[in-house]
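Scroll down for the structure; my scribbles are underneath it.
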Amino acid sequence: MLTARWHAERRAELLEQLPDNTIAVLPANPELIRNNDAEYPFRQHSNFLYLTGFNEPDALMVLRKQGNSSESILFVRPKDPAAEIWTGFRAGTEGATQAYGFDRAFTIDQIDAELPKLMDGAEFVAYPLNENKAFANRVFDWMETLAKGIRRGSAAPEATLDLADYIHEMRLVKTPEELAIMREAGRISAEGHIAAMMAAKPGCYEYQLEAEILHTFVRQGARFPAYNSIVGGGANACILHYIENNKAINDGDLVLIDAGAEVHGYAGDITRTFPVNGRFTGEQRAVYDIVLEAMKASIDELKIGNHCKTFHEKSTRILTQGMVDLGLLQGDVDGLIESGAHTRYFMHGTGHHIGLDVHDVGRYKLDGEWRMWQPGMVTTVEPGIYIQANDERAPEGFRGIGIRIEDDLVLTEAEPENLTAQVPKEADDIEALMRG
Ligand code: GLY
Ligand code: MN
Ligand code: MN
């Protein structure tokens with residue numbers, strides 16, 4: 001778990017980058033209704049969690065920077081002994097300063113009275129510009145209040161900055177403390193996949209394998225998966241975001257599982273594809289080994305000095321060559337890639353940043369160029385080949401095969417560190433595990 005000091009260091013780092021005379025405001029997530037008076041499990045906004053560690057809804061963080069001085073303020077729900085009997089502990093303003101290390105705290109109901117005062121005279125206001133219209137409207141209201149008070153000497157900020165952009169760039173490069181948590185997310189995610197492989201048998205239902213995974217996550221404290229688990233038997237593996245998970249898996253079919261645990265807000269993201277009966281057929285194995293070869297070659301591309309797209313180019317080339325070798329495509333590999341013909345069978349990217357969000361933040365291009373890798377960035381590598389069951393252009397034996405293999409890797413000065421290597425991915429190793 002990250003400490004209050006760690007979060008305070010992130011705030012200090014952010015303040016350092018903001019221009020002088022800035023006020024930064026960042027809202028927490030609200031609670032969301034699932035139906036009637038039942039709520040979805042609360043998940044804090046990742047940017048807010050990163051800068052505060054504060055896991056309650058209805059809160060707002062304010063940072064002010066002026067000359068050499070700065071100030072951190074947290075607006076929170078008030079302590080309410082009666083409400084806390086029903087819905088649990090609230091840190092309150094005292095907790096915000098004492099446990100979370102903020103300089104000052106107010107209750108959230110004081111926001112419209114206090115925010116214009118805090119904003120008065122600042123040159124810049126920084127907030128997430130492009131994600132929350134309701135919040136942007138509130139910022140507008142606070143600025144309008146100030147603008148209307150001009151004869152009393154108040155002044156609204158002159159310019160806006162996108163606070164999210166600053167935070168996203170910070171989140172992209174993980175600290176050692178974050179990597180320790182991501183190792184744990186990787187380990188628990190891997191255990192879930194191993195449990196599912198060991199439990200699989202012909203005729204089992206997709207949700208029964210999902211249950212093995214969730215059971216493994218929850219009993220280790222990872223109460224929620226980082227995203228909805230995908231468990232697709234047979235041709236369901238060819239539906240990229242299949243989450244119905246309600247079909248029986250027939251003898252002879254592959255099953256594709258894409259699932260990851262969330263640990264202290266950080267995601268694991270693993271995909272494995274294996275035969276439900278423990279033995280790959282010749283056709284399944286042929287496709288599998290091409291995807292695995294692409295994956296390994298792509299992992300080799302994860303090094304400092306490469307930009308963040310070479311691993312996708314590598315997978316694309318090997319997978320396209322494989323499609324030709326299997327008779328799925330005809331023509332020369334360069335021409336097929338050029339024309340996009342390969343996207344018939346490989347229609348997604350080879351990976352994405354991962355961290356507090358499974359599809360994590362941070363720009364992929366800087367000034368129009370693919371950005372270079374830096375130590376501490378974490379990416380998935382997840383090539384795949386998906387041959388729809390009704391694809392009449394594909395040789396019959398390959399129809400309905402969908403395969404993806406995915407691990408999470410940390411960029412380092414040396415070899416990348418694989419956070420999810422514990423789950424076997426060599427076809428022989430998967431078969432051996434399933435025999436045992
Ligand atoms: N689980 C989502 C993804 O692999 O991108
Ligand atoms: Mn992924
Ligand atoms: Mn995934």
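In the structure tokens, chains take the letters A, B, ... in the order shown, each chain's residues start at 1, and ligands count up from 1 in the order shown.
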
With region 45-53 of chain A as the partner and 10 Å as the cut-off, tabulate the residues of region 68-180 of chain A that qualify, each row holding the nearest pair of atoms and their distance in Å to one decimal, using only C-alpha atoms, sorted by chain and rising number, as a tab-separated table.
```
residue	atom	partner	partner_atom	distance
A:Leu74	CA	A:Thr52	CA	8.8
A:Ala96	CA	A:Thr52	CA	9.4
A:Tyr100	CA	A:Thr52	CA	7.1
A:Gly101	CA	A:Thr52	CA	8.8
A:Phe102	CA	A:Thr52	CA	8.8
A:Pro128	CA	A:Asn47	CA	9.7
A:Leu163	CA	A:Asn47	CA	9.7
A:Ala164	CA	A:Asn47	CA	7.5
A:Ile167	CA	A:Asn47	CA	6.7
A:His168	CA	A:Asn47	CA	7.7
A:Met170	CA	A:Tyr50	CA	9.6
A:Arg171	CA	A:Tyr50	CA	7.9
```

Next, the residues of the selection above should be written as a short mmCIF file (atom, residue, chain, number, x, y, z; two decimals), in the first residue's frame with C-alpha atoms.
```
data_model
loop_
_atom_site.label_atom_id
_atom_site.label_comp_id
_atom_site.auth_asym_id
_atom_site.auth_seq_id
_atom_site.Cartn_x
_atom_site.Cartn_y
_atom_site.Cartn_z
CA LEU A 74 -8.87 18.51 0.67
CA ALA A 96 -7.76 14.62 5.75
CA TYR A 100 -3.64 12.06 4.53
CA GLY A 101 -1.20 14.88 5.09
CA PHE A 102 -3.14 17.81 3.64
CA PRO A 128 -9.22 17.99 -16.14
CA LEU A 163 -4.40 19.13 -15.19
CA ALA A 164 -5.03 15.58 -16.45
CA ILE A 167 -0.88 13.80 -14.04
CA HIS A 168 -1.01 11.32 -16.92
CA MET A 170 3.60 11.36 -14.21
CA ARG A 171 1.56 8.16 -13.97
#
```

Neighbourhood of ligand 1 at 10 Å, counting only C-alpha atoms and all ligand atoms, reported as a PyMOL selection string:
chain A and resi 226-230+240-241+257-260+267-271+348-354+358-360+380-383+404-408

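Residues in contact range of Leu319 (chain A), defined as at most 8 Å between only C-alpha atoms, with sequence neighbours fewer than 4 positions away removed, read Ile290, Val291, Ala294, Ser315, Met323, Phe346, Gly384 and Ile385 of chain A.
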
Using C-alpha atoms, can you write the selected residues to a file as an mmCIF file, in the first residue's frame?
```
data_model
loop_
_atom_site.group_PDB
_atom_site.id
_atom_site.type_symbol
_atom_site.label_atom_id
_atom_site.label_comp_id
_atom_site.auth_asym_id
_atom_site.auth_seq_id
_atom_site.Cartn_x
_atom_site.Cartn_y
_atom_site.Cartn_z
ATOM 1 C CA ILE A 290 2.790 -18.291 -34.479
ATOM 2 C CA VAL A 291 1.140 -16.038 -31.878
ATOM 3 C CA ALA A 294 5.180 -12.957 -32.313
ATOM 4 C CA SER A 315 4.096 -8.689 -34.066
ATOM 5 C CA MET A 323 -1.228 -16.011 -41.895
ATOM 6 C CA PHE A 346 -5.225 -9.330 -36.172
ATOM 7 C CA GLY A 384 -3.465 -12.548 -31.389
ATOM 8 C CA ILE A 385 -5.012 -14.257 -34.388
#
```

So which bits of region 340-430 of chain A end up strand (DSSP E or B) when you DSSP the backbone, as a PyMOL selection string?
chain A and resi 353+365-366+369-370+372+378-381+384-386+402-404+406-410+417-418

Selected residues written out with N, CA and C atoms, as a compact mmCIF listing (two decimals), in the first residue's frame:
```txt
# COMPACT_ATOMS: atom_id res chain seq x y z
N HIS A 353 -0.18 0.87 -22.41
CA HIS A 353 0.32 1.18 -21.06
C HIS A 353 -0.65 0.57 -20.05
N LYS A 365 2.36 9.40 -28.44
CA LYS A 365 3.14 10.22 -29.37
C LYS A 365 3.48 11.54 -28.70
N LEU A 366 4.68 12.04 -28.97
CA LEU A 366 5.08 13.37 -28.52
C LEU A 366 5.48 14.15 -29.76
N GLU A 369 5.61 12.23 -33.00
CA GLU A 369 6.48 11.04 -33.15
C GLU A 369 6.16 10.04 -32.04
N TRP A 370 6.22 8.73 -32.37
CA TRP A 370 6.07 7.72 -31.33
C TRP A 370 7.10 7.96 -30.24
N MET A 372 9.69 7.45 -27.03
CA MET A 372 10.70 6.45 -26.70
C MET A 372 10.35 5.82 -25.35
N VAL A 378 5.27 0.63 -18.04
CA VAL A 378 4.78 -0.75 -18.03
C VAL A 378 3.80 -0.91 -19.18
N THR A 379 3.99 -1.96 -19.95
CA THR A 379 3.12 -2.20 -21.10
C THR A 379 2.68 -3.65 -21.15
N THR A 380 1.54 -3.87 -21.77
CA THR A 380 1.18 -5.25 -22.08
C THR A 380 1.77 -5.60 -23.45
N VAL A 381 1.94 -6.90 -23.68
CA VAL A 381 2.26 -7.41 -25.02
C VAL A 381 1.23 -8.50 -25.30
N GLY A 384 -2.43 -11.52 -31.26
CA GLY A 384 -3.47 -12.55 -31.39
C GLY A 384 -3.80 -12.81 -32.84
N ILE A 385 -4.43 -13.94 -33.07
CA ILE A 385 -5.01 -14.26 -34.39
C ILE A 385 -6.42 -14.78 -34.13
N TYR A 386 -7.37 -14.22 -34.87
CA TYR A 386 -8.79 -14.57 -34.66
C TYR A 386 -9.41 -14.92 -36.01
N GLY A 402 -9.55 -18.72 -32.10
CA GLY A 402 -9.16 -17.38 -31.66
C GLY A 402 -8.10 -17.52 -30.59
N ILE A 403 -6.96 -16.89 -30.79
CA ILE A 403 -5.86 -17.04 -29.83
C ILE A 403 -5.25 -15.69 -29.53
N ARG A 404 -5.09 -15.40 -28.23
CA ARG A 404 -4.32 -14.24 -27.79
C ARG A 404 -3.48 -14.69 -26.61
N GLU A 406 -1.03 -12.82 -23.55
CA GLU A 406 -0.76 -11.46 -23.03
C GLU A 406 -0.03 -11.51 -21.71
N ASP A 407 1.05 -10.76 -21.63
CA ASP A 407 1.78 -10.55 -20.37
C ASP A 407 1.96 -9.05 -20.14
N ASP A 408 2.38 -8.70 -18.91
CA ASP A 408 2.63 -7.31 -18.52
C ASP A 408 4.13 -7.13 -18.28
N LEU A 409 4.73 -6.13 -18.92
CA LEU A 409 6.19 -6.00 -18.85
C LEU A 409 6.63 -4.61 -18.45
N VAL A 410 7.64 -4.57 -17.58
CA VAL A 410 8.22 -3.31 -17.14
C VAL A 410 9.48 -3.04 -17.95
N GLU A 417 11.18 -6.59 -17.40
CA GLU A 417 10.76 -7.51 -16.33
C GLU A 417 9.34 -7.96 -16.61
N ASN A 418 9.15 -9.27 -16.69
CA ASN A 418 7.80 -9.80 -16.95
C ASN A 418 7.08 -10.02 -15.63
```

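When CA of Ile249 (chain A) is paired with CA of Glu191 (chain A), their separation reads 21.4 Å.
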
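For the residues A:Asp109, A:Asp429, A:Asp357, A:Glu169, ranking by smallest atom-to-atom distance to ligand 3 using only C-alpha atoms and all ligand atoms places A:Asp357 first.
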
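Using only C-alpha atoms, the protein and nucleic acid residues lying no more than 9 Å from Gly252 (chain A), apart from those fewer than 6 places from it along its own chain, are Pro202, Gly234, Pro275, Val276, Asn277, Gly278, Arg279, Phe280 and Thr281 of chain A.
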
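Among A:Thr420, A:Gln98, A:Asn236, A:Gln321, the residue with the shortest atom-to-atom distance to Asp253 (chain A), counting only C-alpha atoms, is A:Asn236.
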